[in-house]
Amino acid sequence: MIHIITAENRRHYHHALMEMHRQRKEVFIDQMKWRLEESAGIEIDSYDCPEAIYLIEASAPRAPVTGSARLLKTDRPHLLADHFRFLCDHEPPAGPDVWEATRFCPAPDTAHGQPRHDLLARIIAGIMETALIFGTERVTFVASAALAPLAAKAGWDVAPLGRPRRVGGDRLTAFVASIDQQGLKRVRQTNGIKAPVTRFLGGDVTQAA
């Protein structure tokens, strides 16, 4: 189950959020050697703000975290506009109906190959379900050479915002994905997802897309 974590319900997920930040440090800094800041054994940056929405996969709020991602509105500072604009041939999509997805992070012990592909598909379905709940029409993201073809073939309607460019030791591409119910249906069918993957605990209300 993928938990949708917002400012409204964040108090229920302190354990999961700390585990997410710890995993991000291990995956991005220790394993992938990204030049990111760390503090007290966790990776956290200025975009981890009260407005951020987190998708954390875990069987319960205090269960082991198996994967995560971050969503940000684009009418405020975000990574694509601030740091990766050069990946776009034109101004990157932005506005109240556009989100940015970043920091897709499998748990460090996730096996390579199909288990990671399946996790990415669930996270994409979770992004789409969450966007539909909040009325978001498009989602932008930057993908590495390894992730770009997997994300493009997941079943949603995606288009590159520019050609791939080499950044450090990788090739990065910026994409925009359209969000609608038909796209979510295709993602579920393409990846064998039989039911909604998200859970949104807001106050005393639980919702699933």
# chains A, B, ... in the order shown; residues from 1 in each chain; ligands from 1

call {"tool": "closest_atom_pairs", "arguments": {"of": "region 45-164 of chain A", "to": "region 178-190 of chain A", "cutoff": "6 Å", "atoms": "only C-alpha atoms", "output": "Markdown table"}}
result
| residue | atom | partner | partner_atom | distance |
| --- | --- | --- | --- | --- |
| A:Glu137 | CA | A:Ile179 | CA | 5.0 |
| A:Arg138 | CA | A:Ser178 | CA | 4.6 |
| A:Ala154 | CA | A:Val187 | CA | 5.9 |
| A:Gly155 | CA | A:Val187 | CA | 4.4 |
| A:Trp156 | CA | A:Gly183 | CA | 5.0 |
| A:Asp157 | CA | A:Ser178 | CA | 5.5 |

call {"tool": "residues_around", "arguments": {"residues": "Lys33 (chain A)", "least_positions_apart": "4", "cutoff": "12 Å", "atoms": "only C-alpha atoms", "output": "list in words"}}
result
Arg24, Lys25, Glu26, Val27, Phe28, Ile29, Glu37, Gly168, Gly169 and Asp170 of chain A

call {"tool": "select_by_dssp", "arguments": {"residues": "region 58-181 of chain A", "states": "strand (DSSP E or B)", "output": "number ranges by chain"}}
result
A: 67-73, 98-106, 138-143, 157-160, 165-167, 170-178

call {"tool": "write_last_selection", "arguments": {"atoms": "N, CA and C atoms", "output": "mmCIF file, in the first residue's frame"}}
result
data_model
loop_
_atom_site.group_PDB
_atom_site.id
_atom_site.type_symbol
_atom_site.label_atom_id
_atom_site.label_comp_id
_atom_site.auth_asym_id
_atom_site.auth_seq_id
_atom_site.Cartn_x
_atom_site.Cartn_y
_atom_site.Cartn_z
ATOM 1 N N GLY A 67 9.518 1.683 -0.645
ATOM 2 C CA GLY A 67 9.768 2.617 -1.733
ATOM 3 C C GLY A 67 9.100 3.944 -1.437
ATOM 4 N N SER A 68 9.544 4.998 -2.143
ATOM 5 C CA SER A 68 8.986 6.315 -1.879
ATOM 6 C C SER A 68 9.204 7.242 -3.071
ATOM 7 N N ALA A 69 8.488 8.345 -3.066
ATOM 8 C CA ALA A 69 8.651 9.414 -4.054
ATOM 9 C C ALA A 69 8.103 10.695 -3.443
ATOM 10 N N ARG A 70 8.454 11.831 -4.076
ATOM 11 C CA ARG A 70 8.013 13.140 -3.587
ATOM 12 C C ARG A 70 7.300 13.887 -4.712
ATOM 13 N N LEU A 71 6.216 14.567 -4.357
ATOM 14 C CA LEU A 71 5.465 15.383 -5.303
ATOM 15 C C LEU A 71 5.466 16.832 -4.829
ATOM 16 N N LEU A 72 5.657 17.753 -5.777
ATOM 17 C CA LEU A 72 5.646 19.181 -5.469
ATOM 18 C C LEU A 72 4.791 19.919 -6.481
ATOM 19 N N LYS A 73 4.055 20.918 -6.024
ATOM 20 C CA LYS A 73 3.388 21.820 -6.946
ATOM 21 C C LYS A 73 4.450 22.628 -7.690
ATOM 22 N N VAL A 98 -0.124 21.456 -12.396
ATOM 23 C CA VAL A 98 1.057 20.665 -12.764
ATOM 24 C C VAL A 98 1.858 20.354 -11.504
ATOM 25 N N TRP A 99 2.218 19.092 -11.321
ATOM 26 C CA TRP A 99 3.089 18.676 -10.228
ATOM 27 C C TRP A 99 4.420 18.206 -10.787
ATOM 28 N N GLU A 100 5.423 18.179 -9.923
ATOM 29 C CA GLU A 100 6.713 17.574 -10.232
ATOM 30 C C GLU A 100 6.907 16.350 -9.335
ATOM 31 N N ALA A 101 7.341 15.241 -9.931
ATOM 32 C CA ALA A 101 7.668 14.027 -9.169
ATOM 33 C C ALA A 101 9.180 13.882 -9.112
ATOM 34 N N THR A 102 9.722 13.714 -7.913
ATOM 35 C CA THR A 102 11.161 13.555 -7.732
ATOM 36 C C THR A 102 11.431 12.509 -6.655
ATOM 37 N N ARG A 103 12.722 12.201 -6.500
ATOM 38 C CA ARG A 103 13.223 11.347 -5.418
ATOM 39 C C ARG A 103 12.542 9.970 -5.380
ATOM 40 N N PHE A 104 12.301 9.356 -6.568
ATOM 41 C CA PHE A 104 11.867 7.959 -6.562
ATOM 42 C C PHE A 104 12.981 7.134 -5.938
ATOM 43 N N CYS A 105 12.656 6.440 -4.861
ATOM 44 C CA CYS A 105 13.693 5.752 -4.088
ATOM 45 C C CYS A 105 13.231 4.356 -3.686
ATOM 46 N N PRO A 106 13.760 3.302 -4.324
ATOM 47 C CA PRO A 106 13.497 1.949 -3.823
ATOM 48 C C PRO A 106 14.217 1.747 -2.500
ATOM 49 N N ARG A 138 -1.162 17.291 -15.009
ATOM 50 C CA ARG A 138 0.114 16.869 -15.593
ATOM 51 C C ARG A 138 1.156 16.721 -14.496
ATOM 52 N N VAL A 139 2.123 15.842 -14.750
ATOM 53 C CA VAL A 139 3.227 15.625 -13.819
ATOM 54 C C VAL A 139 4.524 15.623 -14.612
ATOM 55 N N THR A 140 5.502 16.415 -14.168
ATOM 56 C CA THR A 140 6.822 16.411 -14.782
ATOM 57 C C THR A 140 7.780 15.588 -13.940
ATOM 58 N N PHE A 141 8.822 15.064 -14.594
ATOM 59 C CA PHE A 141 9.855 14.331 -13.867
ATOM 60 C C PHE A 141 11.104 14.254 -14.722
ATOM 61 N N VAL A 142 12.228 14.017 -14.072
ATOM 62 C CA VAL A 142 13.515 13.807 -14.733
ATOM 63 C C VAL A 142 13.927 12.368 -14.484
ATOM 64 N N ALA A 143 14.315 11.672 -15.556
ATOM 65 C CA ALA A 143 14.658 10.253 -15.437
ATOM 66 C C ALA A 143 16.071 10.002 -15.959
ATOM 67 N N ASP A 157 0.553 8.454 -20.624
ATOM 68 C CA ASP A 157 0.837 9.286 -21.783
ATOM 69 C C ASP A 157 1.963 10.249 -21.422
ATOM 70 N N VAL A 158 3.205 9.938 -21.858
ATOM 71 C CA VAL A 158 4.357 10.753 -21.516
ATOM 72 C C VAL A 158 5.008 11.301 -22.777
ATOM 73 N N ALA A 159 5.643 12.458 -22.649
ATOM 74 C CA ALA A 159 6.371 13.061 -23.761
ATOM 75 C C ALA A 159 7.639 13.702 -23.223
ATOM 76 N N PRO A 160 8.756 13.567 -23.948
ATOM 77 C CA PRO A 160 9.986 14.231 -23.506
ATOM 78 C C PRO A 160 9.875 15.739 -23.674
ATOM 79 N N ARG A 165 20.438 14.595 -22.059
ATOM 80 C CA ARG A 165 21.707 15.308 -21.907
ATOM 81 C C ARG A 165 22.544 14.620 -20.827
ATOM 82 N N ARG A 166 23.840 14.620 -21.067
ATOM 83 C CA ARG A 166 24.743 13.992 -20.098
ATOM 84 C C ARG A 166 24.950 14.918 -18.913
ATOM 85 N N VAL A 167 24.741 14.383 -17.729
ATOM 86 C CA VAL A 167 24.953 15.115 -16.484
ATOM 87 C C VAL A 167 25.787 14.201 -15.590
ATOM 88 N N ASP A 170 25.739 10.176 -16.063
ATOM 89 C CA ASP A 170 24.464 9.631 -16.527
ATOM 90 C C ASP A 170 23.895 10.520 -17.623
ATOM 91 N N ARG A 171 22.870 10.024 -18.298
ATOM 92 C CA ARG A 171 22.119 10.804 -19.270
ATOM 93 C C ARG A 171 20.715 11.020 -18.727
ATOM 94 N N LEU A 172 20.305 12.251 -18.614
ATOM 95 C CA LEU A 172 19.019 12.604 -18.022
ATOM 96 C C LEU A 172 18.076 13.154 -19.081
ATOM 97 N N THR A 173 16.790 12.838 -18.912
ATOM 98 C CA THR A 173 15.745 13.349 -19.796
ATOM 99 C C THR A 173 14.600 13.855 -18.941
ATOM 100 N N ALA A 174 14.058 15.008 -19.292
ATOM 101 C CA ALA A 174 12.874 15.545 -18.619
ATOM 102 C C ALA A 174 11.631 15.132 -19.391
ATOM 103 N N PHE A 175 10.594 14.764 -18.675
ATOM 104 C CA PHE A 175 9.345 14.309 -19.274
ATOM 105 C C PHE A 175 8.165 15.049 -18.649
ATOM 106 N N VAL A 176 7.037 15.029 -19.368
ATOM 107 C CA VAL A 176 5.762 15.439 -18.802
ATOM 108 C C VAL A 176 4.753 14.328 -19.098
ATOM 109 N N ALA A 177 3.953 13.995 -18.110
ATOM 110 C CA ALA A 177 2.925 12.956 -18.242
ATOM 111 C C ALA A 177 1.553 13.567 -18.040
ATOM 112 N N SER A 178 0.613 13.188 -18.889
ATOM 113 C CA SER A 178 -0.775 13.610 -18.725
ATOM 114 C C SER A 178 -1.471 12.685 -17.743
#

call {"tool": "select_by_dssp", "arguments": {"residues": "region 115-186 of chain A", "states": "alpha helix (DSSP H)", "output": "count of residues only"}}
result
32

call {"tool": "residues_around", "arguments": {"residues": "region 47-50 of chain A", "least_positions_apart": "2", "cutoff": "9 Å", "atoms": "only C-alpha atoms", "output": "ChimeraX atom specification"}}
result
/A:6-7,44-45,52-53,70,72,77-79

call {"tool": "write_last_selection", "arguments": {"atoms": "C-alpha atoms", "output": "PDB file, in the first residue's frame"}}
result
ATOM      1  CA  THR A   6       0.505  15.615   3.262  1.00  0.00           C
ATOM      2  CA  ALA A   7       0.800  18.436   5.786  1.00  0.00           C
ATOM      3  CA  ILE A  44      16.888  16.108   3.058  1.00  0.00           C
ATOM      4  CA  ASP A  45      16.833  19.282   0.971  1.00  0.00           C
ATOM      5  CA  ALA A  52       5.520  18.519  -0.342  1.00  0.00           C
ATOM      6  CA  ILE A  53       3.410  15.390  -0.743  1.00  0.00           C
ATOM      7  CA  ARG A  70       8.013  13.140  -3.587  1.00  0.00           C
ATOM      8  CA  LEU A  72       5.646  19.181  -5.469  1.00  0.00           C
ATOM      9  CA  PRO A  77      10.187  26.530  -6.378  1.00  0.00           C
ATOM     10  CA  HIS A  78      10.878  23.030  -7.712  1.00  0.00           C
ATOM     11  CA  LEU A  79      13.843  21.096  -9.096  1.00  0.00           C
TER      12      LEU A  79
END

call {"tool": "closest_residue", "arguments": {"among": "A:Leu161, A:Ala40, A:Ile56, A:Ala151", "to": "Ile4 (chain A)", "atoms": "only C-alpha atoms"}}
result
A:Ile56

call {"tool": "closest_residue", "arguments": {"among": "A:Leu120, A:Ala81, A:Met20, A:Met128", "to": "Ala94 (chain A)", "atoms": "only C-alpha atoms"}}
result
A:Ala81

call {"tool": "closest_residue", "arguments": {"among": "A:Glu57, A:Phe86, A:Glu43, A:Trp34", "to": "Tyr13 (chain A)", "atoms": "only C-alpha atoms"}}
result
A:Glu57

call {"tool": "closest_residue", "arguments": {"among": "A:Met18, A:Leu36, A:Leu201, A:Ala148", "to": "His117 (chain A)", "atoms": "only C-alpha atoms"}}
result
A:Ala148

call {"tool": "closest_residue", "arguments": {"among": "A:Glu38, A:Arg85, A:Asn191, A:Thr66", "to": "Lys153 (chain A)", "atoms": "only C-alpha atoms"}}
result
A:Asn191

call {"tool": "atom_distance", "arguments": {"atom1": "CA of Ile123 (chain A)", "atom2": "CA of His3 (chain A)"}}
result
10.5 Å

call {"tool": "atom_distance", "arguments": {"atom1": "CA of Ile2 (chain A)", "atom2": "CA of Ala125 (chain A)"}}
result
9.6 Å
